[in-house]
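Peer 1: Pasting target_1.pdb here (PDB, C-alpha atoms and all ligand atoms):
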```
MODEL        1
ATOM      1  CA  MET A 207     120.105  10.692 101.579  1.00  0.00           C
ATOM      2  CA  THR A 208     119.431  14.122 100.137  1.00  0.00           C
ATOM      3  CA  THR A 209     120.612  16.896 102.401  1.00  0.00           C
ATOM      4  CA  ASN A 210     120.242  20.660 102.461  1.00  0.00           C
ATOM      5  CA  THR A 211     122.721  23.144 103.823  1.00  0.00           C
ATOM      6  CA  TYR A 212     121.597  26.438 105.307  1.00  0.00           C
ATOM      7  CA  ALA A 213     123.455  28.862 107.554  1.00  0.00           C
ATOM      8  CA  GLY A 214     126.217  26.342 108.176  1.00  0.00           C
ATOM      9  CA  HIS A 215     123.882  23.453 109.056  1.00  0.00           C
ATOM     10  CA  THR A 216     123.610  20.351 106.868  1.00  0.00           C
ATOM     11  CA  TYR A 217     120.574  18.186 107.506  1.00  0.00           C
ATOM     12  CA  GLY A 218     118.180  15.685 106.004  1.00  0.00           C
ATOM     13  CA  ASN A 219     114.578  16.190 105.008  1.00  0.00           C
ATOM     14  CA  GLY A 220     112.388  16.290 108.119  1.00  0.00           C
ATOM     15  CA  GLU A 221     115.419  17.082 110.272  1.00  0.00           C
ATOM     16  CA  THR A 222     115.695  20.851 109.913  1.00  0.00           C
ATOM     17  CA  PRO A 223     117.582  21.930 113.072  1.00  0.00           C
ATOM     18  CA  ALA A 224     115.768  24.075 115.626  1.00  0.00           C
ATOM     19  CA  ALA A 225     118.576  26.636 115.334  1.00  0.00           C
ATOM     20  CA  ILE A 226     117.479  27.549 111.818  1.00  0.00           C
ATOM     21  CA  LEU A 227     113.727  27.509 112.441  1.00  0.00           C
ATOM     22  CA  ALA A 228     111.691  30.553 113.450  1.00  0.00           C
ATOM     23  CA  ASN A 229     108.102  31.042 114.550  1.00  0.00           C
ATOM     24  CA  LEU A 230     105.526  32.624 112.299  1.00  0.00           C
ATOM     25  CA  GLU A 231     103.934  35.686 113.838  1.00  0.00           C
ATOM     26  CA  GLY A 232     100.486  35.152 115.327  1.00  0.00           C
ATOM     27  CA  SER A 233      98.661  31.922 116.040  1.00  0.00           C
ATOM     28  CA  GLN A 234      98.346  29.453 113.189  1.00  0.00           C
ATOM     29  CA  GLY A 235      96.491  26.210 112.534  1.00  0.00           C
ATOM     30  CA  VAL A 236      92.904  25.792 111.374  1.00  0.00           C
ATOM     31  CA  ASN A 237      91.636  27.206 114.681  1.00  0.00           C
ATOM     32  CA  ARG A 238      94.502  29.662 115.147  1.00  0.00           C
ATOM     33  CA  THR A 239      95.685  27.978 118.316  1.00  0.00           C
ATOM     34  CA  GLU A 240      99.052  26.647 117.170  1.00  0.00           C
ATOM     35  CA  THR A 241     102.592  27.913 116.772  1.00  0.00           C
ATOM     36  CA  ALA A 242     104.057  27.363 113.314  1.00  0.00           C
ATOM     37  CA  GLN A 243     107.699  27.227 112.284  1.00  0.00           C
ATOM     38  CA  LEU A 244     109.609  27.544 109.025  1.00  0.00           C
ATOM     39  CA  ARG A 245     113.262  27.896 108.073  1.00  0.00           C
ATOM     40  CA  LEU A 246     114.511  31.346 109.133  1.00  0.00           C
ATOM     41  CA  ASP A 247     114.330  32.973 105.696  1.00  0.00           C
ATOM     42  CA  ALA A 248     110.967  31.422 104.874  1.00  0.00           C
ATOM     43  CA  ALA A 249     109.541  32.481 108.257  1.00  0.00           C
ATOM     44  CA  ALA A 250     110.764  36.057 107.821  1.00  0.00           C
ATOM     45  CA  SER A 251     109.299  36.105 104.328  1.00  0.00           C
ATOM     46  CA  TRP A 252     105.952  34.692 105.442  1.00  0.00           C
ATOM     47  CA  ASN A 253     105.670  37.252 108.248  1.00  0.00           C
ATOM     48  CA  ARG A 254     106.337  40.098 105.799  1.00  0.00           C
ATOM     49  CA  ALA A 255     104.094  38.603 103.151  1.00  0.00           C
ATOM     50  CA  ALA A 256     101.130  38.082 105.495  1.00  0.00           C
ATOM     51  CA  ALA A 257     101.477  41.671 106.747  1.00  0.00           C
ATOM     52  CA  ASP A 258     101.667  42.890 103.156  1.00  0.00           C
ATOM     53  CA  VAL A 259      98.527  40.953 102.182  1.00  0.00           C
ATOM     54  CA  LYS A 260      96.726  42.457 105.191  1.00  0.00           C
ATOM     55  CA  ALA A 261      97.847  45.980 104.340  1.00  0.00           C
ATOM     56  CA  ARG A 262      96.975  45.757 100.666  1.00  0.00           C
ATOM     57  CA  THR A 263      93.800  43.643 100.700  1.00  0.00           C
ATOM     58  CA  GLY A 264      92.548  43.626 104.279  1.00  0.00           C
ATOM     59  CA  LEU A 265      92.676  39.809 104.199  1.00  0.00           C
ATOM     60  CA  GLU A 266      94.322  37.777 106.920  1.00  0.00           C
ATOM     61  CA  VAL A 267      96.199  34.745 105.723  1.00  0.00           C
ATOM     62  CA  TRP A 268      97.404  31.997 108.036  1.00  0.00           C
ATOM     63  CA  VAL A 269      98.563  28.435 107.685  1.00  0.00           C
ATOM     64  CA  ARG A 270      97.577  24.933 108.782  1.00  0.00           C
ATOM     65  CA  GLY A 271     100.749  23.259 107.496  1.00  0.00           C
ATOM     66  CA  TRP A 272     104.393  24.271 108.016  1.00  0.00           C
ATOM     67  CA  ASN A 273     107.711  22.597 108.850  1.00  0.00           C
ATOM     68  CA  ARG A 274     107.294  18.858 109.422  1.00  0.00           C
ATOM     69  CA  THR A 275     109.579  16.335 111.003  1.00  0.00           C
ATOM     70  CA  TYR A 276     110.237  13.068 109.211  1.00  0.00           C
ATOM     71  CA  MET A 277     107.927  11.204 111.615  1.00  0.00           C
ATOM     72  CA  GLU A 278     105.138  13.740 111.099  1.00  0.00           C
ATOM     73  CA  GLN A 279     105.456  13.212 107.357  1.00  0.00           C
ATOM     74  CA  VAL A 280     105.319   9.435 107.872  1.00  0.00           C
ATOM     75  CA  THR A 281     102.058   9.890 109.777  1.00  0.00           C
ATOM     76  CA  PHE A 282     100.562  12.155 107.078  1.00  0.00           C
ATOM     77  CA  TYR A 283     101.656   9.820 104.336  1.00  0.00           C
ATOM     78  CA  LEU A 284     100.249   6.682 105.980  1.00  0.00           C
ATOM     79  CA  GLU A 285      96.945   8.428 106.710  1.00  0.00           C
ATOM     80  CA  ARG A 286      96.556   8.936 102.990  1.00  0.00           C
ATOM     81  CA  HIS A 287      98.209   5.924 101.406  1.00  0.00           C
ATOM     82  CA  THR A 288      98.048   2.138 101.809  1.00  0.00           C
ATOM     83  CA  PRO A 289     100.525  -0.443 100.501  1.00  0.00           C
ATOM     84  CA  ALA A 290      99.281  -1.433  97.069  1.00  0.00           C
ATOM     85  CA  ALA A 291      98.060  -4.971  96.418  1.00  0.00           C
ATOM     86  CA  ALA A 292      98.313  -6.722  93.044  1.00  0.00           C
ATOM     87  CA  GLY A 293      96.174  -4.869  90.510  1.00  0.00           C
ATOM     88  CA  ASP A 294      95.959  -1.642  92.569  1.00  0.00           C
ATOM     89  CA  ARG A 295      96.868   1.618  90.904  1.00  0.00           C
ATOM     90  CA  VAL A 296     100.217   2.608  92.410  1.00  0.00           C
ATOM     91  CA  CYS A 297     100.361   6.358  92.985  1.00  0.00           C
ATOM     92  CA  CYS A 298     103.742   6.628  94.618  1.00  0.00           C
ATOM     93  CA  ARG A 299     106.623   4.686  96.065  1.00  0.00           C
ATOM     94  CA  TRP A 300     108.342   4.836  99.418  1.00  0.00           C
ATOM     95  CA  ASN A 301     111.241   2.658 100.572  1.00  0.00           C
ATOM     96  CA  GLY A 302     110.919   0.607  97.390  1.00  0.00           C
ATOM     97  CA  ARG A 303     107.267  -0.245  97.964  1.00  0.00           C
ATOM     98  CA  GLY A 304     104.244   0.838  95.888  1.00  0.00           C
ATOM     99  CA  TYR A 305     101.332   2.605  97.574  1.00  0.00           C
ATOM    100  CA  ARG A 306      97.784   3.412  96.550  1.00  0.00           C
ATOM    101  CA  PHE A 307      96.096   6.701  97.388  1.00  0.00           C
ATOM    102  CA  THR A 308      93.314   6.508 100.005  1.00  0.00           C
ATOM    103  CA  GLY A 309      92.976  10.142 101.116  1.00  0.00           C
ATOM    104  CA  THR A 310      91.406  13.275  99.708  1.00  0.00           C
ATOM    105  CA  ALA A 311      94.653  15.209  99.441  1.00  0.00           C
ATOM    106  CA  HIS A 312      98.127  13.878  98.809  1.00  0.00           C
ATOM    107  CA  ALA A 313     101.128  13.744 101.095  1.00  0.00           C
ATOM    108  CA  ALA A 314     104.605  13.405  99.661  1.00  0.00           C
ATOM    109  CA  PRO A 315     106.519  10.217 100.491  1.00  0.00           C
ATOM    110  CA  PRO A 316     108.546  10.822 103.694  1.00  0.00           C
ATOM    111  CA  GLY A 317     111.902  12.396 102.954  1.00  0.00           C
ATOM    112  CA  THR A 318     110.717  14.222  99.821  1.00  0.00           C
ATOM    113  CA  SER A 319     108.349  16.954 101.043  1.00  0.00           C
ATOM    114  CA  ASN A 320     109.224  20.640 101.027  1.00  0.00           C
ATOM    115  CA  HIS A 321     107.507  20.724 104.419  1.00  0.00           C
ATOM    116  CA  GLY A 322     110.461  18.616 105.577  1.00  0.00           C
ATOM    117  CA  TRP A 323     112.846  21.416 104.587  1.00  0.00           C
ATOM    118  CA  GLY A 324     110.773  24.027 106.461  1.00  0.00           C
ATOM    119  CA  LEU A 325     110.023  25.709 103.139  1.00  0.00           C
ATOM    120  CA  ALA A 326     106.348  24.925 102.496  1.00  0.00           C
ATOM    121  CA  VAL A 327     103.080  26.161 103.951  1.00  0.00           C
ATOM    122  CA  ASP A 328      99.484  25.058 103.545  1.00  0.00           C
ATOM    123  CA  VAL A 329      97.331  28.176 103.623  1.00  0.00           C
ATOM    124  CA  VAL A 330      93.940  28.037 105.356  1.00  0.00           C
ATOM    125  CA  ASP A 331      90.870  28.682 103.206  1.00  0.00           C
ATOM    126  CA  PHE A 332      92.603  28.868  99.826  1.00  0.00           C
ATOM    127  CA  GLY A 333      90.250  26.557  97.880  1.00  0.00           C
ATOM    128  CA  GLY A 334      89.833  22.787  97.629  1.00  0.00           C
ATOM    129  CA  VAL A 335      91.674  20.266  95.470  1.00  0.00           C
ATOM    130  CA  GLY A 336      91.917  21.658  91.929  1.00  0.00           C
ATOM    131  CA  GLN A 337      90.032  24.861  92.820  1.00  0.00           C
ATOM    132  CA  TRP A 338      92.204  27.720  91.626  1.00  0.00           C
ATOM    133  CA  ASN A 339      89.643  30.525  91.711  1.00  0.00           C
ATOM    134  CA  HIS A 340      88.960  30.836  95.435  1.00  0.00           C
ATOM    135  CA  PRO A 341      88.590  34.610  96.006  1.00  0.00           C
ATOM    136  CA  ARG A 342      90.968  34.709  98.975  1.00  0.00           C
ATOM    137  CA  ARG A 343      93.609  32.920  96.954  1.00  0.00           C
ATOM    138  CA  VAL A 344      93.079  35.057  93.860  1.00  0.00           C
ATOM    139  CA  ALA A 345      93.516  38.232  95.939  1.00  0.00           C
ATOM    140  CA  ALA A 346      96.406  37.106  98.121  1.00  0.00           C
ATOM    141  CA  PHE A 347      98.587  34.881  95.953  1.00  0.00           C
ATOM    142  CA  PRO A 348     100.068  37.592  93.686  1.00  0.00           C
ATOM    143  CA  ILE A 349     101.264  39.445  96.814  1.00  0.00           C
ATOM    144  CA  LEU A 350     102.652  36.260  98.385  1.00  0.00           C
ATOM    145  CA  ALA A 351     104.441  35.583  95.085  1.00  0.00           C
ATOM    146  CA  GLU A 352     106.268  38.925  95.338  1.00  0.00           C
ATOM    147  CA  HIS A 353     107.665  37.611  98.619  1.00  0.00           C
ATOM    148  CA  GLY A 354     108.965  34.409  97.012  1.00  0.00           C
ATOM    149  CA  TRP A 355     106.008  32.035  97.530  1.00  0.00           C
ATOM    150  CA  THR A 356     105.447  29.772  94.528  1.00  0.00           C
ATOM    151  CA  ASP A 357     102.568  27.489  93.545  1.00  0.00           C
ATOM    152  CA  THR A 358     104.367  25.402  90.910  1.00  0.00           C
ATOM    153  CA  GLU A 359     104.397  22.322  93.131  1.00  0.00           C
ATOM    154  CA  GLY A 360     100.749  22.858  94.136  1.00  0.00           C
ATOM    155  CA  ARG A 361      99.781  23.067  90.454  1.00  0.00           C
ATOM    156  CA  SER A 362     101.460  19.749  89.657  1.00  0.00           C
ATOM    157  CA  ALA A 363      99.540  16.458  89.781  1.00  0.00           C
ATOM    158  CA  ILE A 364      98.645  17.073  93.439  1.00  0.00           C
ATOM    159  CA  GLN A 365      96.418  20.086  92.482  1.00  0.00           C
ATOM    160  CA  GLU A 366      96.668  21.750  95.897  1.00  0.00           C
ATOM    161  CA  PRO A 367      95.905  25.494  95.698  1.00  0.00           C
ATOM    162  CA  TRP A 368      96.826  25.883  99.373  1.00  0.00           C
ATOM    163  CA  HIS A 369     100.352  24.414  99.136  1.00  0.00           C
ATOM    164  CA  LEU A 370     103.020  27.086  98.596  1.00  0.00           C
ATOM    165  CA  VAL A 371     106.795  26.694  98.558  1.00  0.00           C
ATOM    166  CA  TYR A 372     109.299  29.424  99.396  1.00  0.00           C
ATOM    167  CA  ASP A 373     111.946  30.204  96.770  1.00  0.00           C
ATOM    168  CA  PRO A 374     114.457  32.736  98.167  1.00  0.00           C
ATOM    169  CA  ALA A 375     115.568  33.648  94.626  1.00  0.00           C
ATOM    170  CA  ARG A 376     112.074  34.967  93.862  1.00  0.00           C
ATOM    171  CA  ASP A 377     111.696  37.001  97.052  1.00  0.00           C
ATOM    172  CA  ARG A 378     111.694  40.646  96.024  1.00  0.00           C
ATOM    173  CA  HIS A 379     111.587  41.772  99.662  1.00  0.00           C
ATOM    174  CA  ALA A 380     114.304  39.481 100.976  1.00  0.00           C
ATOM    175  CA  ASN A 381     116.677  42.366 101.802  1.00  0.00           C
ATOM    176  CA  GLN A 382     114.204  43.473 104.462  1.00  0.00           C
ATOM    177  CA  ALA A 383     114.819  40.190 106.269  1.00  0.00           C
ATOM    178  CA  ALA A 384     118.488  40.908 106.629  1.00  0.00           C
ATOM    179  CA  GLN A 385     118.054  43.537 109.303  1.00  0.00           C
ATOM    180  CA  LYS A 386     119.418  41.294 112.045  1.00  0.00           C
ATOM    181  CA  THR A 387     122.420  39.940 110.177  1.00  0.00           C
ATOM    182  CA  THR A 388     123.413  42.478 107.513  1.00  0.00           C
ATOM    183  CA  PRO A 389     124.827  45.780 108.703  1.00  0.00           C
ATOM    184  CA  PRO A 390     122.684  48.622 107.364  1.00  0.00           C
ATOM    185  CA  ALA A 391     124.151  51.663 105.641  1.00  0.00           C
ATOM    186  CA  PRO A 392     125.894  53.951 108.125  1.00  0.00           C
ATOM    187  CA  ALA A 393     123.603  56.500 109.727  1.00  0.00           C
ATOM    188  CA  PRO A 394     124.470  60.173 109.533  1.00  0.00           C
ATOM    189  CA  ALA A 395     125.504  61.724 112.826  1.00  0.00           C
ATOM    190  CA  PRO A 396     122.249  62.522 114.599  1.00  0.00           C
ATOM    191  CA  ASP A 397     121.611  66.254 114.724  1.00  0.00           C
ATOM    192  CA  PRO A 398     119.520  67.390 117.691  1.00  0.00           C
ATOM    193  CA  GLU A 399     118.707  70.610 115.815  1.00  0.00           C
ATOM    194  CA  GLY A 400     117.609  68.762 112.695  1.00  0.00           C
ATOM    195  CA  ASP A 401     114.494  66.878 111.769  1.00  0.00           C
ATOM    196  CA  PRO A 402     112.758  65.146 114.636  1.00  0.00           C
ATOM    197  CA  VAL A 403     113.273  61.409 114.297  1.00  0.00           C
ATOM    198  CA  GLN A 404     110.922  58.715 115.457  1.00  0.00           C
ATOM    199  CA  ILE A 405     112.197  55.260 116.336  1.00  0.00           C
ATOM    200  CA  ILE A 406     109.773  52.440 115.491  1.00  0.00           C
ATOM    201  CA  ARG A 407     110.770  49.492 117.628  1.00  0.00           C
ATOM    202  CA  ARG A 408     109.487  45.915 117.871  1.00  0.00           C
ATOM    203  CA  ALA A 409     109.066  45.272 121.592  1.00  0.00           C
ATOM    204  CA  SER A 410     109.662  41.528 121.364  1.00  0.00           C
ATOM    205  CA  ASP A 411     113.210  41.623 120.020  1.00  0.00           C
ATOM    206  CA  GLY A 412     114.270  45.259 119.686  1.00  0.00           C
ATOM    207  CA  ALA A 413     114.366  45.315 115.861  1.00  0.00           C
ATOM    208  CA  ALA A 414     113.923  48.926 114.829  1.00  0.00           C
ATOM    209  CA  PHE A 415     113.825  51.458 112.080  1.00  0.00           C
ATOM    210  CA  ILE A 416     113.738  55.242 112.102  1.00  0.00           C
ATOM    211  CA  VAL A 417     111.378  57.617 110.389  1.00  0.00           C
ATOM    212  CA  THR A 418     112.289  61.255 109.834  1.00  0.00           C
ATOM    213  CA  ALA A 419     109.825  64.126 109.713  1.00  0.00           C
ATOM    214  CA  ALA A 420     110.313  64.124 105.955  1.00  0.00           C
ATOM    215  CA  GLY A 421     109.019  60.544 105.873  1.00  0.00           C
ATOM    216  CA  ALA A 422     112.263  58.811 105.048  1.00  0.00           C
ATOM    217  CA  ALA A 423     112.476  55.423 106.763  1.00  0.00           C
ATOM    218  CA  ARG A 424     115.552  53.326 107.304  1.00  0.00           C
ATOM    219  CA  ILE A 425     116.592  50.292 109.319  1.00  0.00           C
ATOM    220  CA  VAL A 426     119.259  51.160 111.905  1.00  0.00           C
ATOM    221  CA  ASN A 427     121.693  49.117 113.948  1.00  0.00           C
ATOM    222  CA  THR A 428     121.944  49.210 117.733  1.00  0.00           C
ATOM    223  CA  THR A 429     124.779  51.737 117.836  1.00  0.00           C
ATOM    224  CA  ASP A 430     122.974  54.189 115.590  1.00  0.00           C
ATOM    225  CA  LEU A 431     119.775  53.604 117.535  1.00  0.00           C
ATOM    226  CA  THR A 432     121.508  54.659 120.749  1.00  0.00           C
ATOM    227  CA  ALA A 433     122.843  57.751 119.021  1.00  0.00           C
ATOM    228  CA  TYR A 434     119.371  58.703 117.853  1.00  0.00           C
ATOM    229  CA  LYS A 435     117.972  58.115 121.359  1.00  0.00           C
ATOM    230  CA  ASN A 436     120.679  60.283 122.890  1.00  0.00           C
ATOM    231  CA  ALA A 437     119.763  62.970 120.396  1.00  0.00           C
ATOM    232  CA  GLY A 438     116.193  62.941 121.717  1.00  0.00           C
ATOM    233  CA  ALA A 439     114.416  60.756 119.161  1.00  0.00           C
ATOM    234  CA  ARG A 440     111.014  59.575 120.299  1.00  0.00           C
ATOM    235  CA  GLU A 441     110.686  55.816 120.587  1.00  0.00           C
ATOM    236  CA  VAL A 442     107.481  53.929 119.781  1.00  0.00           C
ATOM    237  CA  ASN A 443     107.335  50.303 120.931  1.00  0.00           C
ATOM    238  CA  LEU A 444     105.031  48.084 118.910  1.00  0.00           C
ATOM    239  CA  THR A 445     103.718  44.552 119.063  1.00  0.00           C
ATOM    240  CA  ASP A 446     104.930  42.118 116.399  1.00  0.00           C
ATOM    241  CA  ALA A 447     101.779  42.698 114.369  1.00  0.00           C
ATOM    242  CA  GLY A 448     101.976  46.479 114.771  1.00  0.00           C
ATOM    243  CA  TYR A 449     105.638  46.502 113.768  1.00  0.00           C
ATOM    244  CA  ALA A 450     104.900  44.410 110.683  1.00  0.00           C
ATOM    245  CA  GLU A 451     102.148  46.841 109.767  1.00  0.00           C
ATOM    246  CA  ALA A 452     104.438  49.834 110.285  1.00  0.00           C
ATOM    247  CA  GLN A 453     107.179  48.161 108.233  1.00  0.00           C
ATOM    248  CA  THR A 454     104.749  47.572 105.396  1.00  0.00           C
ATOM    249  CA  ARG A 455     103.472  51.123 105.423  1.00  0.00           C
ATOM    250  CA  LEU A 456     106.708  52.978 106.040  1.00  0.00           C
ATOM    251  CA  LEU A 457     109.649  50.940 104.812  1.00  0.00           C
ATOM    252  CA  HIS A 458     108.513  50.130 101.277  1.00  0.00           C
TER     253      HIS A 458
HETATM  254 ZN    ZN B 501     101.632  21.268 101.752  1.00  0.00          ZN
ENDMDL
END
```
Can the structure from this file be put into structure tokens for me?
Peer 2:
Amino acid sequence: MTTNTYAGHTYGNGETPAAILANLEGSQGVNRTETAQLRLDAAASWNRAAADVKARTGLEVWVRGWNRTYMEQVTFYLERHTPAAAGDRVCCRWNGRGYRFTGTAHAAPPGTSNHGWGLAVDVVDFGGVGQWNHPRRVAAFPILAEHGWTDTEGRSAIQEPWHLVYDPARDRHANQAAQKTTPPAPAPAPDPEGDPVQIIRRASDGAAFIVTAAGAARIVNTTDLTAYKNAGAREVNLTDAGYAEAQTRLLH
């Protein structure tokens, strides 16, 4: 069995441990009523990327496909494929058996999908099978690509413009995701007589960055944050969406 290793966890496809999954911000699904999860780095990237798309194009992007368990992939696959009989065109194989395609869009054989690694999304309203010129996709994809989202797999035989896969090596904003795990550069000693400093804080988890009167913005750790507070910095608590917006506008 193929396995992946991430953050000290080794697991099979469709078995990504809960400990390394994170929620996407906002409600997802076709009707925006569902909670979606991806692997930690992919989730952080998607949240930044969606905020970036919103800030730069005004478009909201959300997803109807995300991390899938093995059994969910089995269900998808069997909705769209039937064991092939003699003479049928075999489109794919699973567990040594040939299948014919009966759906309108493909599903990878269980155990082989990037959805099973928590690294793929299916974006809502990004064009139909083989339709690569949907305006929402044309506007949003180049920005998503800056954040590591690739369409190579979608452009293969499956021809799915909505199916994107996260590649951490292509994420040009990945360092922004490290705020919880990587210590930021040391902050200068706060100077009560100096520039007024504003703390932009995400209410849900306390992630924060500071903005000086001169406009410089920098992520700070908890110790530095306390020092800034003690020095009289004003704190602004934001919702997840507001924080993402502020990050996009101020931290770039
Ligand atoms: Zn997909």
Peer 1: Dig up all the protein and nucleic acid residues within 9 Å of (100.5, 36.0, 100.8) in the file frame, using only C-alpha atoms, and format them as a list of chain:residue names.
Peer 2: A:Trp252, A:Arg254, A:Ala255, A:Ala256, A:Ala257, A:Asp258, A:Val259, A:Lys260, A:Glu266, A:Val267, A:Trp268, A:Val329, A:Arg343, A:Ala345, A:Ala346, A:Phe347, A:Pro348, A:Ile349, A:Leu350, A:Ala351, A:Glu352, A:His353, A:Trp355
Peer 1: Export C-alpha atoms of the chosen residues as a JSON list (two decimals), keeping the file's coordinate frame?
Peer 2:
```json
[["chain", "number", "residue", "atom", "x", "y", "z"],
["A", 252, "TRP", "CA", 105.95, 34.69, 105.44],
["A", 254, "ARG", "CA", 106.34, 40.10, 105.80],
["A", 255, "ALA", "CA", 104.09, 38.60, 103.15],
["A", 256, "ALA", "CA", 101.13, 38.08, 105.50],
["A", 257, "ALA", "CA", 101.48, 41.67, 106.75],
["A", 258, "ASP", "CA", 101.67, 42.89, 103.16],
["A", 259, "VAL", "CA", 98.53, 40.95, 102.18],
["A", 260, "LYS", "CA", 96.73, 42.46, 105.19],
["A", 266, "GLU", "CA", 94.32, 37.78, 106.92],
["A", 267, "VAL", "CA", 96.20, 34.74, 105.72],
["A", 268, "TRP", "CA", 97.40, 32.00, 108.04],
["A", 329, "VAL", "CA", 97.33, 28.18, 103.62],
["A", 343, "ARG", "CA", 93.61, 32.92, 96.95],
["A", 345, "ALA", "CA", 93.52, 38.23, 95.94],
["A", 346, "ALA", "CA", 96.41, 37.11, 98.12],
["A", 347, "PHE", "CA", 98.59, 34.88, 95.95],
["A", 348, "PRO", "CA", 100.07, 37.59, 93.69],
["A", 349, "ILE", "CA", 101.26, 39.44, 96.81],
["A", 350, "LEU", "CA", 102.65, 36.26, 98.38],
["A", 351, "ALA", "CA", 104.44, 35.58, 95.08],
["A", 352, "GLU", "CA", 106.27, 38.92, 95.34],
["A", 353, "HIS", "CA", 107.66, 37.61, 98.62],
["A", 355, "TRP", "CA", 106.01, 32.03, 97.53]]
```
Peer 1: Would you write out, as number ranges by chain, every residue that the PyMOL selection byres (((chain A and resi 374-378) around 7) and not hetatm) captures in this file?
Peer 2: A: 352-354, 372-373, 379-380
Peer 1: Which residues are close to Arg274 (chain A), i.e. within 12 Å by all atoms listed in the file, leaving aside same-chain residues fewer than 2 positions away? Reply as a PyMOL selection string.
Peer 2: chain A and resi 218-224+227+242-245+270-272+276-283+313-314+316-328
Peer 1: Find the distance between CA of Leu431 (chain A) and CA of Asp411 (chain A) and write it in Å to one decimal.
Peer 2: 13.9 Å
Peer 1: Taking (92.1, 29.3, 99.9) in the file's coordinates as the center, which residues reach within 6 Å of it, counting all atoms listed in the file, put as a PDB file with C-alpha atoms, in the coordinates of the input?
Peer 2:
```pdb
ATOM      1  CA  VAL A 330      93.940  28.037 105.356  1.00  0.00           C
ATOM      2  CA  ASP A 331      90.870  28.682 103.206  1.00  0.00           C
ATOM      3  CA  PHE A 332      92.603  28.868  99.826  1.00  0.00           C
ATOM      4  CA  GLY A 333      90.250  26.557  97.880  1.00  0.00           C
ATOM      5  CA  HIS A 340      88.960  30.836  95.435  1.00  0.00           C
ATOM      6  CA  ARG A 342      90.968  34.709  98.975  1.00  0.00           C
ATOM      7  CA  ARG A 343      93.609  32.920  96.954  1.00  0.00           C
ATOM      8  CA  TRP A 368      96.826  25.883  99.373  1.00  0.00           C
TER       9      TRP A 368
END
```
Peer 1: To one decimal in Å, tell me the separation between CA of Pro367 (chain A) and CA of Gly304 (chain A).
Peer 2: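 Interatomic distance here is 26.0 Å.
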Peer 1: Measure the distance from CA of Glu451 (chain A) to CA of Ala261 (chain A) in Å and round it to one decimal.
Peer 2: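 CA of Ala261 (chain A) lies 7.0 Å from CA of Glu451 (chain A).
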Peer 1: Skip Gln453 (chain A) itself and residues of its chain fewer than 4 positions away, then list as a PyMOL selection string all residues within 12 Å of it, counting only C-alpha atoms.
Peer 2: chain A and resi 253-255+257-258+261+379+382-383+385+405-408+413-417+423-425+444-449+457-458
Peer 1: Nearest to ligand ZN 501 (chain B) among A:Thr263, A:Thr358, A:Thr211, A:Thr454, with distances taken over all atoms listed in the file: which residue is it?
Peer 2: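 When distances to ligand ZN 501 (chain B) are compared using all atoms listed in the file, the smallest one comes from A:Thr358.
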Peer 1: Counting only C-alpha atoms and all ligand atoms, figure out which residue out of A:Val371, A:Leu284, A:Cys297, A:Leu230 gets nearest to ligand ZN 501 (chain B).
Peer 2: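 Nearest candidate to ligand ZN 501 (chain B) out of A:Val371, A:Leu284, A:Cys297, A:Leu230: A:Val371.
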Peer 1: Ranking A:Gln404, A:Thr428, A:Ser410, A:Glu285 by minimum distance to Glu441 (chain A) and counting all atoms listed in the file, which one comes first?
Peer 2: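 Looking at the shortest contact to Glu441 (chain A), the residue is A:Gln404.
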Peer 1: Select region 287-296 of chain A in the preceding structure and write N, CA and C atoms to a file as a PDB file, in the first residue's frame.
Peer 2:
```
ATOM      1  N   HIS A 287     -18.811   4.047 -11.961  1.00  0.00           N
ATOM      2  CA  HIS A 287     -18.224   2.941 -12.705  1.00  0.00           C
ATOM      3  C   HIS A 287     -18.949   1.641 -12.381  1.00  0.00           C
ATOM      4  N   THR A 288     -18.981   0.748 -13.379  1.00  0.00           N
ATOM      5  CA  THR A 288     -19.613  -0.570 -13.220  1.00  0.00           C
ATOM      6  C   THR A 288     -18.618  -1.622 -13.703  1.00  0.00           C
ATOM      7  N   PRO A 289     -18.556  -2.771 -13.028  1.00  0.00           N
ATOM      8  CA  PRO A 289     -17.651  -3.824 -13.503  1.00  0.00           C
ATOM      9  C   PRO A 289     -17.897  -4.097 -14.990  1.00  0.00           C
ATOM     10  N   ALA A 290     -16.814  -4.140 -15.743  1.00  0.00           N
ATOM     11  CA  ALA A 290     -16.944  -4.294 -17.189  1.00  0.00           C
ATOM     12  C   ALA A 290     -17.296  -5.736 -17.550  1.00  0.00           C
ATOM     13  N   ALA A 291     -18.180  -5.890 -18.521  1.00  0.00           N
ATOM     14  CA  ALA A 291     -18.491  -7.201 -19.084  1.00  0.00           C
ATOM     15  C   ALA A 291     -17.627  -7.395 -20.326  1.00  0.00           C
ATOM     16  N   ALA A 292     -17.649  -8.617 -20.872  1.00  0.00           N
ATOM     17  CA  ALA A 292     -16.861  -8.896 -22.081  1.00  0.00           C
ATOM     18  C   ALA A 292     -17.270  -7.922 -23.181  1.00  0.00           C
ATOM     19  N   GLY A 293     -16.284  -7.322 -23.836  1.00  0.00           N
ATOM     20  CA  GLY A 293     -16.581  -6.399 -24.929  1.00  0.00           C
ATOM     21  C   GLY A 293     -16.736  -4.957 -24.495  1.00  0.00           C
ATOM     22  N   ASP A 294     -16.938  -4.696 -23.187  1.00  0.00           N
ATOM     23  CA  ASP A 294     -17.033  -3.313 -22.699  1.00  0.00           C
ATOM     24  C   ASP A 294     -15.682  -2.622 -22.800  1.00  0.00           C
ATOM     25  N   ARG A 295     -15.721  -1.313 -22.968  1.00  0.00           N
ATOM     26  CA  ARG A 295     -14.492  -0.536 -22.934  1.00  0.00           C
ATOM     27  C   ARG A 295     -14.095  -0.348 -21.464  1.00  0.00           C
ATOM     28  N   VAL A 296     -12.930  -0.844 -21.113  1.00  0.00           N
ATOM     29  CA  VAL A 296     -12.472  -0.757 -19.720  1.00  0.00           C
ATOM     30  C   VAL A 296     -11.762   0.575 -19.530  1.00  0.00           C
TER      31      VAL A 296
END
```
